[in-house]
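Next comes data_4.cif, with mmCIF, N, CA and C atoms.
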```cif
data_work
#
loop_
_atom_site.label_atom_id
_atom_site.label_comp_id
_atom_site.auth_asym_id
_atom_site.auth_seq_id
_atom_site.Cartn_x
_atom_site.Cartn_y
_atom_site.Cartn_z
N GLY K 162 140.73 41.85 43.39
CA GLY K 162 139.42 41.92 42.78
C GLY K 162 138.96 43.36 42.65
N VAL K 163 137.84 43.51 42.02
CA VAL K 163 137.27 44.83 41.77
C VAL K 163 136.58 45.34 43.04
N VAL K 164 136.76 46.61 43.32
CA VAL K 164 136.10 47.23 44.45
C VAL K 164 135.09 48.26 43.94
N CYS K 165 133.85 48.11 44.39
CA CYS K 165 132.79 49.07 44.08
C CYS K 165 132.31 49.59 45.44
N PRO K 166 132.89 50.71 45.90
CA PRO K 166 132.66 51.18 47.27
C PRO K 166 131.19 51.35 47.66
N ASN K 167 130.33 51.65 46.70
CA ASN K 167 128.93 51.88 47.07
C ASN K 167 128.06 50.63 46.90
N SER K 168 128.67 49.46 46.62
CA SER K 168 127.86 48.28 46.31
C SER K 168 126.99 47.84 47.48
N ASP K 169 127.52 47.89 48.71
CA ASP K 169 126.70 47.48 49.86
C ASP K 169 125.51 48.41 50.04
N GLU K 170 125.78 49.70 49.87
CA GLU K 170 124.71 50.71 49.99
C GLU K 170 123.64 50.48 48.92
N VAL K 171 124.07 50.23 47.68
CA VAL K 171 123.13 49.99 46.59
C VAL K 171 122.32 48.73 46.87
N ARG K 172 123.01 47.66 47.28
CA ARG K 172 122.34 46.39 47.53
C ARG K 172 121.29 46.53 48.64
N SER K 173 121.63 47.28 49.70
CA SER K 173 120.69 47.41 50.82
C SER K 173 119.53 48.33 50.49
N SER K 174 119.67 49.13 49.43
CA SER K 174 118.60 50.06 49.06
C SER K 174 117.70 49.52 47.95
N ILE K 175 117.94 48.28 47.52
CA ILE K 175 117.09 47.70 46.47
C ILE K 175 115.67 47.59 47.01
N VAL K 176 114.74 48.13 46.26
CA VAL K 176 113.33 48.01 46.63
C VAL K 176 112.81 46.71 46.04
N TYR K 177 112.26 45.86 46.92
CA TYR K 177 111.71 44.59 46.45
C TYR K 177 110.57 44.91 45.49
N PRO K 178 110.63 44.42 44.26
CA PRO K 178 109.59 44.77 43.28
C PRO K 178 108.19 44.40 43.80
N ALA K 179 107.27 45.34 43.72
CA ALA K 179 105.91 45.12 44.22
C ALA K 179 105.26 43.91 43.57
N GLU K 180 105.47 43.78 42.26
CA GLU K 180 104.89 42.65 41.52
C GLU K 180 105.38 41.32 42.10
N ALA K 181 106.67 41.28 42.44
CA ALA K 181 107.24 40.06 43.01
C ALA K 181 106.69 39.82 44.41
N GLN K 182 106.58 40.90 45.18
CA GLN K 182 106.05 40.79 46.54
C GLN K 182 104.61 40.29 46.53
N ASP K 183 103.80 40.89 45.66
CA ASP K 183 102.37 40.53 45.59
C ASP K 183 102.18 39.07 45.21
N ASN K 184 103.11 38.53 44.44
CA ASN K 184 102.98 37.15 43.94
C ASN K 184 103.92 36.18 44.66
N ASN K 185 104.49 36.63 45.79
CA ASN K 185 105.41 35.79 46.57
C ASN K 185 106.54 35.21 45.72
N ILE K 186 107.09 36.02 44.84
CA ILE K 186 108.18 35.58 43.97
C ILE K 186 109.50 35.84 44.67
N THR K 187 110.30 34.79 44.82
CA THR K 187 111.62 34.91 45.41
C THR K 187 112.63 34.28 44.46
N GLY K 188 113.91 34.46 44.73
CA GLY K 188 114.90 33.80 43.89
C GLY K 188 116.28 34.40 44.01
N GLU K 189 117.21 33.73 43.36
CA GLU K 189 118.60 34.16 43.30
C GLU K 189 118.89 34.61 41.88
N VAL K 190 119.46 35.79 41.75
CA VAL K 190 119.85 36.30 40.43
C VAL K 190 121.35 36.60 40.50
N THR K 191 122.10 36.10 39.52
CA THR K 191 123.51 36.47 39.42
C THR K 191 123.70 37.34 38.20
N VAL K 192 124.25 38.53 38.42
CA VAL K 192 124.51 39.45 37.33
C VAL K 192 126.01 39.44 37.04
N GLU K 193 126.34 39.33 35.76
CA GLU K 193 127.74 39.37 35.33
C GLU K 193 127.93 40.67 34.57
N PHE K 194 129.06 41.33 34.81
CA PHE K 194 129.33 42.58 34.12
C PHE K 194 130.83 42.81 34.02
N THR K 195 131.20 43.79 33.21
CA THR K 195 132.60 44.16 33.06
C THR K 195 132.80 45.53 33.67
N VAL K 196 133.88 45.67 34.44
CA VAL K 196 134.31 46.99 34.86
C VAL K 196 135.41 47.36 33.88
N ASP K 197 135.18 48.39 33.06
CA ASP K 197 136.15 48.73 32.02
C ASP K 197 137.36 49.45 32.64
N PRO K 198 138.41 49.70 31.84
CA PRO K 198 139.64 50.30 32.39
C PRO K 198 139.41 51.64 33.09
N ASP K 199 138.29 52.32 32.79
CA ASP K 199 137.98 53.61 33.43
C ASP K 199 137.07 53.45 34.64
N GLY K 200 136.71 52.21 34.98
CA GLY K 200 135.86 51.97 36.14
C GLY K 200 134.37 51.97 35.83
N ARG K 201 134.02 52.05 34.54
CA ARG K 201 132.60 52.03 34.17
C ARG K 201 132.07 50.60 34.14
N VAL K 202 130.82 50.45 34.56
CA VAL K 202 130.14 49.15 34.51
C VAL K 202 129.54 48.99 33.12
N THR K 203 129.95 47.94 32.40
CA THR K 203 129.48 47.70 31.04
C THR K 203 129.14 46.22 30.86
N ASN K 204 128.57 45.89 29.69
CA ASN K 204 128.31 44.50 29.32
C ASN K 204 127.56 43.72 30.39
N LEU K 205 126.49 44.32 30.91
CA LEU K 205 125.71 43.62 31.92
C LEU K 205 124.91 42.49 31.30
N ARG K 206 124.86 41.37 32.01
CA ARG K 206 123.97 40.29 31.60
C ARG K 206 123.60 39.47 32.82
N VAL K 207 122.45 38.84 32.75
CA VAL K 207 122.02 37.96 33.83
C VAL K 207 122.63 36.59 33.58
N ALA K 208 123.56 36.18 34.45
CA ALA K 208 124.23 34.89 34.29
C ALA K 208 123.38 33.77 34.87
N GLN K 209 122.68 34.06 35.96
CA GLN K 209 121.77 33.08 36.57
C GLN K 209 120.45 33.78 36.80
N PRO K 210 119.47 33.52 35.94
CA PRO K 210 118.21 34.24 36.04
C PRO K 210 117.25 33.66 37.07
N ALA K 211 116.34 34.49 37.50
CA ALA K 211 115.18 34.07 38.30
C ALA K 211 113.97 34.60 37.54
N ASP K 212 112.98 35.08 38.25
CA ASP K 212 111.83 35.69 37.61
C ASP K 212 112.27 36.99 36.91
N PRO K 213 111.72 37.29 35.72
CA PRO K 213 112.14 38.50 34.99
C PRO K 213 112.08 39.78 35.82
N VAL K 214 111.09 39.91 36.70
CA VAL K 214 110.97 41.13 37.50
C VAL K 214 112.15 41.24 38.48
N LEU K 215 112.64 40.11 38.99
CA LEU K 215 113.81 40.11 39.87
C LEU K 215 115.08 40.37 39.07
N ASN K 216 115.15 39.80 37.87
CA ASN K 216 116.31 40.04 37.00
C ASN K 216 116.48 41.54 36.75
N ARG K 217 115.36 42.22 36.44
CA ARG K 217 115.41 43.66 36.18
C ARG K 217 115.89 44.43 37.40
N ALA K 218 115.40 44.07 38.58
CA ALA K 218 115.79 44.77 39.81
C ALA K 218 117.29 44.62 40.05
N ALA K 219 117.82 43.42 39.81
CA ALA K 219 119.26 43.18 40.01
C ALA K 219 120.09 43.97 38.99
N LEU K 220 119.67 43.96 37.73
CA LEU K 220 120.40 44.71 36.70
C LEU K 220 120.39 46.20 37.00
N ASN K 221 119.25 46.72 37.43
CA ASN K 221 119.17 48.15 37.75
C ASN K 221 120.07 48.50 38.92
N ALA K 222 120.21 47.60 39.87
CA ALA K 222 121.10 47.84 41.01
C ALA K 222 122.55 47.92 40.55
N VAL K 223 122.96 46.97 39.72
CA VAL K 223 124.36 46.94 39.25
C VAL K 223 124.69 48.20 38.46
N LYS K 224 123.72 48.73 37.71
CA LYS K 224 123.95 49.96 36.94
C LYS K 224 124.31 51.13 37.85
N ARG K 225 123.96 51.05 39.13
CA ARG K 225 124.23 52.14 40.07
C ARG K 225 125.58 51.96 40.79
N PHE K 226 126.26 50.83 40.56
CA PHE K 226 127.56 50.61 41.20
C PHE K 226 128.58 51.63 40.70
N ASN K 227 129.39 52.16 41.61
CA ASN K 227 130.54 52.98 41.25
C ASN K 227 131.78 52.16 41.58
N CYS K 228 132.49 51.73 40.56
CA CYS K 228 133.63 50.84 40.77
C CYS K 228 134.95 51.57 40.54
N ILE K 229 135.98 51.09 41.22
CA ILE K 229 137.30 51.69 41.10
C ILE K 229 138.00 51.08 39.89
N ALA K 230 138.53 51.95 39.02
CA ALA K 230 139.21 51.50 37.80
C ALA K 230 140.41 50.62 38.16
N GLN K 231 140.59 49.55 37.39
CA GLN K 231 141.70 48.63 37.58
C GLN K 231 142.78 48.81 36.51
N GLY K 232 142.52 49.71 35.53
CA GLY K 232 143.46 49.91 34.44
C GLY K 232 143.31 48.88 33.34
N GLN K 233 142.40 47.95 33.54
CA GLN K 233 142.10 46.95 32.51
C GLN K 233 140.66 46.49 32.75
N SER K 234 140.09 45.83 31.75
CA SER K 234 138.73 45.32 31.91
C SER K 234 138.74 44.11 32.83
N VAL K 235 137.80 44.09 33.76
CA VAL K 235 137.68 42.97 34.69
C VAL K 235 136.23 42.49 34.70
N ARG K 236 136.05 41.18 34.55
CA ARG K 236 134.72 40.58 34.55
C ARG K 236 134.33 40.27 36.00
N VAL K 237 133.11 40.61 36.37
CA VAL K 237 132.65 40.45 37.75
C VAL K 237 131.30 39.74 37.75
N ARG K 238 131.09 38.89 38.76
CA ARG K 238 129.79 38.24 38.97
C ARG K 238 129.29 38.61 40.35
N VAL K 239 128.05 39.06 40.44
CA VAL K 239 127.48 39.45 41.73
C VAL K 239 126.14 38.75 41.93
N PRO K 240 126.01 37.98 43.01
CA PRO K 240 124.73 37.33 43.31
C PRO K 240 123.80 38.25 44.10
N PHE K 241 122.52 38.15 43.82
CA PHE K 241 121.49 38.88 44.55
C PHE K 241 120.46 37.86 45.04
N SER K 242 120.10 37.95 46.30
CA SER K 242 119.05 37.09 46.86
C SER K 242 117.80 37.93 47.10
N PHE K 243 116.69 37.45 46.60
CA PHE K 243 115.41 38.10 46.84
C PHE K 243 114.57 37.15 47.67
N ASN K 244 114.42 37.49 48.95
CA ASN K 244 113.65 36.66 49.88
C ASN K 244 112.60 37.50 50.55
N LEU K 245 111.44 36.92 50.75
CA LEU K 245 110.38 37.59 51.51
C LEU K 245 110.38 37.01 52.91
N ASN K 246 110.69 37.84 53.88
CA ASN K 246 110.71 37.37 55.27
C ASN K 246 109.61 38.03 56.06
#
```
Target encoding structure tokens, full file:
Amino acid sequence: GVVCPNSDEVRSSIVYPAEAQDNNITGEVTVEFTVDPDGRVTNLRVAQPADPVLNRAALNAVKRFNCIAQGQSVRVRVPFSFNLN
């Protein structure tokens, strides 16, 4: 599979959107994207949406992933959980 060495760091640094926090909005967002042959993250889309503000936060996080090139395009799905504890 694809390795994005900074993905855990990016995921743990996601700031819970204030708008979502203020309105007690939680949810699961799955982002689908392609890691191109050079390791670039492209073709991002929300495969499983939640509230639009959470969708944006998840997409912005994936844009910060640094992935290792596989020499070919690889499709990846990453789930994000937004919970208020």
Rows by chain and residue number, range 177-200 of chain K within 10 Å of range 225-241 of chain K, shortest pair, only C-alpha atoms, as CSV:
```
residue,atom,partner,partner_atom,distance
K:Gly188,CA,K:Phe241,CA,8.3
K:Glu189,CA,K:Phe241,CA,5.7
K:Val190,CA,K:Phe241,CA,5.1
K:Thr191,CA,K:Pro240,CA,4.2
K:Val192,CA,K:Val239,CA,5.3
K:Glu193,CA,K:Arg238,CA,4.3
K:Phe194,CA,K:Val237,CA,5.4
K:Thr195,CA,K:Arg236,CA,4.4
K:Val196,CA,K:Val235,CA,5.2
K:Asp197,CA,K:Ser234,CA,4.3
K:Pro198,CA,K:Gln233,CA,4.2
K:Asp199,CA,K:Ala230,CA,5.0
K:Gly200,CA,K:Ala230,CA,3.8
```
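Proximity to Pro213 in chain K was assessed for K:Leu245, K:Val171, K:Cys165, K:Ile186 counting only C-alpha atoms; the smallest distance is recorded for K:Ile186.
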Exercise: Asn246 in chain K partners within 12 Å, only C-alpha atoms, chain neighbours under 6 positions left out, as a VMD selection string
chain K and resid 177 182 185 to 187
So how many Å separate CA of Val202 in chain K and CA of Ala179 in chain K, to one decimal?
26.4 Å
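Each of K:Arg172, K:Ala181, K:Ala208, K:Gly162 was compared to Val223 in chain K using only C-alpha atoms, and K:Arg172 turns out to be the nearest.
The gap separating atom C of Glu180 in chain K from atom N of Ala222 in chain K is 16.3 Å, in Å to one decimal.
The spacing separating atom N of Asn221 in chain K from atom N of Leu205 in chain K amounts to 10.0 Å.
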DSSP says alpha helix (DSSP H) for which residues of chain K? Put them as a ChimeraX atom specification?
/K:168-173,179-183,213-224
Tell me, which residues of chain K carry DSSP strand (DSSP E), written as a PyMOL selection string?
chain K and resi 188-196+202-209+235-243
Need the axis-aligned box for range 192-198 of chain K with 3 Å each side, so what are the centre and edges in Å to one decimal, as JSON?
```
{"center_x": 131.9, "center_y": 45.1, "center_z": 35.1, "size_x": 21.4, "size_y": 19.1, "size_z": 12.6}
```
Nearest to Arg206 in chain K by atom-to-atom distance, counting all atoms listed in the file, from K:Asn184, K:Ile175, K:Leu220, K:Ser242:
K:Leu220
Starting from the structure just given, write a file holding chain K with C-alpha atoms, as an mmCIF file, in the first residue's frame.
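The file below, out-v5.cif, is the result:
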```cif
data_model
loop_
_atom_site.group_PDB
_atom_site.id
_atom_site.type_symbol
_atom_site.label_atom_id
_atom_site.label_comp_id
_atom_site.auth_asym_id
_atom_site.auth_seq_id
_atom_site.Cartn_x
_atom_site.Cartn_y
_atom_site.Cartn_z
ATOM 1 C CA GLY K 162 0.000 0.000 0.000
ATOM 2 C CA VAL K 163 0.863 3.655 -0.145
ATOM 3 C CA VAL K 164 2.939 5.137 2.648
ATOM 4 C CA CYS K 165 2.526 8.785 3.627
ATOM 5 C CA PRO K 166 5.067 9.176 6.452
ATOM 6 C CA ASN K 167 3.577 12.395 7.818
ATOM 7 C CA SER K 168 -0.064 11.231 7.773
ATOM 8 C CA ASP K 169 -0.269 10.489 11.520
ATOM 9 C CA GLU K 170 1.270 13.866 12.310
ATOM 10 C CA VAL K 171 -1.146 15.645 9.947
ATOM 11 C CA ARG K 172 -4.145 13.744 11.326
ATOM 12 C CA SER K 173 -3.241 14.548 14.940
ATOM 13 C CA SER K 174 -2.771 18.237 14.106
ATOM 14 C CA ILE K 175 -6.211 18.711 12.524
ATOM 15 C CA VAL K 176 -7.916 21.604 14.251
ATOM 16 C CA TYR K 177 -11.550 20.773 14.951
ATOM 17 C CA PRO K 178 -13.469 23.414 12.983
ATOM 18 C CA ALA K 179 -14.871 26.032 15.382
ATOM 19 C CA GLU K 180 -18.175 26.117 13.504
ATOM 20 C CA ALA K 181 -18.535 22.357 13.981
ATOM 21 C CA GLN K 182 -17.549 22.582 17.638
ATOM 22 C CA ASP K 183 -19.991 25.412 18.353
ATOM 23 C CA ASN K 184 -22.835 23.427 16.783
ATOM 24 C CA ASN K 185 -21.848 20.008 18.192
ATOM 25 C CA ILE K 186 -21.312 18.661 14.677
ATOM 26 C CA THR K 187 -19.577 15.284 14.552
ATOM 27 C CA GLY K 188 -19.165 12.682 11.844
ATOM 28 C CA GLU K 189 -17.084 10.371 9.720
ATOM 29 C CA VAL K 190 -15.567 11.645 6.484
ATOM 30 C CA THR K 191 -13.786 9.376 4.007
ATOM 31 C CA VAL K 192 -11.504 11.107 1.533
ATOM 32 C CA GLU K 193 -10.450 9.313 -1.641
ATOM 33 C CA PHE K 194 -7.407 10.474 -3.577
ATOM 34 C CA THR K 195 -4.731 9.362 -6.007
ATOM 35 C CA VAL K 196 -1.036 9.268 -5.246
ATOM 36 C CA ASP K 197 0.483 9.857 -8.685
ATOM 37 C CA PRO K 198 3.690 8.143 -9.914
ATOM 38 C CA ASP K 199 5.739 11.035 -8.445
ATOM 39 C CA GLY K 200 4.110 10.763 -5.010
ATOM 40 C CA ARG K 201 1.839 13.793 -5.405
ATOM 41 C CA VAL K 202 -1.650 13.743 -3.901
ATOM 42 C CA THR K 203 -4.178 14.426 -6.686
ATOM 43 C CA ASN K 204 -7.852 13.867 -7.578
ATOM 44 C CA LEU K 205 -9.165 14.432 -4.073
ATOM 45 C CA ARG K 206 -12.824 13.781 -3.459
ATOM 46 C CA VAL K 207 -15.048 13.111 -0.486
ATOM 47 C CA ALA K 208 -16.169 9.486 -0.852
ATOM 48 C CA GLN K 209 -18.243 9.479 2.343
ATOM 49 C CA PRO K 210 -19.377 12.961 3.314
ATOM 50 C CA ALA K 211 -20.460 14.369 6.654
ATOM 51 C CA ASP K 212 -21.157 18.025 7.369
ATOM 52 C CA PRO K 213 -19.540 20.308 4.733
ATOM 53 C CA VAL K 214 -17.331 21.983 7.362
ATOM 54 C CA LEU K 215 -15.929 18.552 8.348
ATOM 55 C CA ASN K 216 -15.498 17.570 4.692
ATOM 56 C CA ARG K 217 -13.354 20.682 4.150
ATOM 57 C CA ALA K 218 -11.199 19.947 7.210
ATOM 58 C CA ALA K 219 -10.550 16.386 6.001
ATOM 59 C CA LEU K 220 -9.715 17.504 2.442
ATOM 60 C CA ASN K 221 -7.328 20.164 3.739
ATOM 61 C CA ALA K 222 -5.582 17.554 5.883
ATOM 62 C CA VAL K 223 -5.078 15.167 2.953
ATOM 63 C CA LYS K 224 -3.585 18.009 0.884
ATOM 64 C CA ARG K 225 -0.781 18.157 3.477
ATOM 65 C CA PHE K 226 0.109 14.444 3.166
ATOM 66 C CA ASN K 227 3.594 13.681 1.816
ATOM 67 C CA CYS K 228 3.398 10.270 0.186
ATOM 68 C CA ILE K 229 6.126 7.998 -1.126
ATOM 69 C CA ALA K 230 6.012 7.505 -4.902
ATOM 70 C CA GLN K 231 5.002 4.010 -6.015
ATOM 71 C CA GLY K 232 6.020 4.466 -9.667
ATOM 72 C CA GLN K 233 2.378 4.272 -10.676
ATOM 73 C CA SER K 234 -0.886 5.936 -9.704
ATOM 74 C CA VAL K 235 -2.486 4.413 -6.627
ATOM 75 C CA ARG K 236 -6.001 5.179 -5.367
ATOM 76 C CA VAL K 237 -6.259 5.620 -1.597
ATOM 77 C CA ARG K 238 -9.178 5.997 0.838
ATOM 78 C CA VAL K 239 -8.624 7.568 4.251
ATOM 79 C CA PRO K 240 -11.305 7.806 6.956
ATOM 80 C CA PHE K 241 -11.438 10.732 9.379
ATOM 81 C CA SER K 242 -13.471 10.722 12.594
ATOM 82 C CA PHE K 243 -14.608 14.005 14.063
ATOM 83 C CA ASN K 244 -15.795 13.475 17.633
ATOM 84 C CA LEU K 245 -16.317 15.936 20.452
ATOM 85 C CA ASN K 246 -15.204 14.386 23.722
#
```
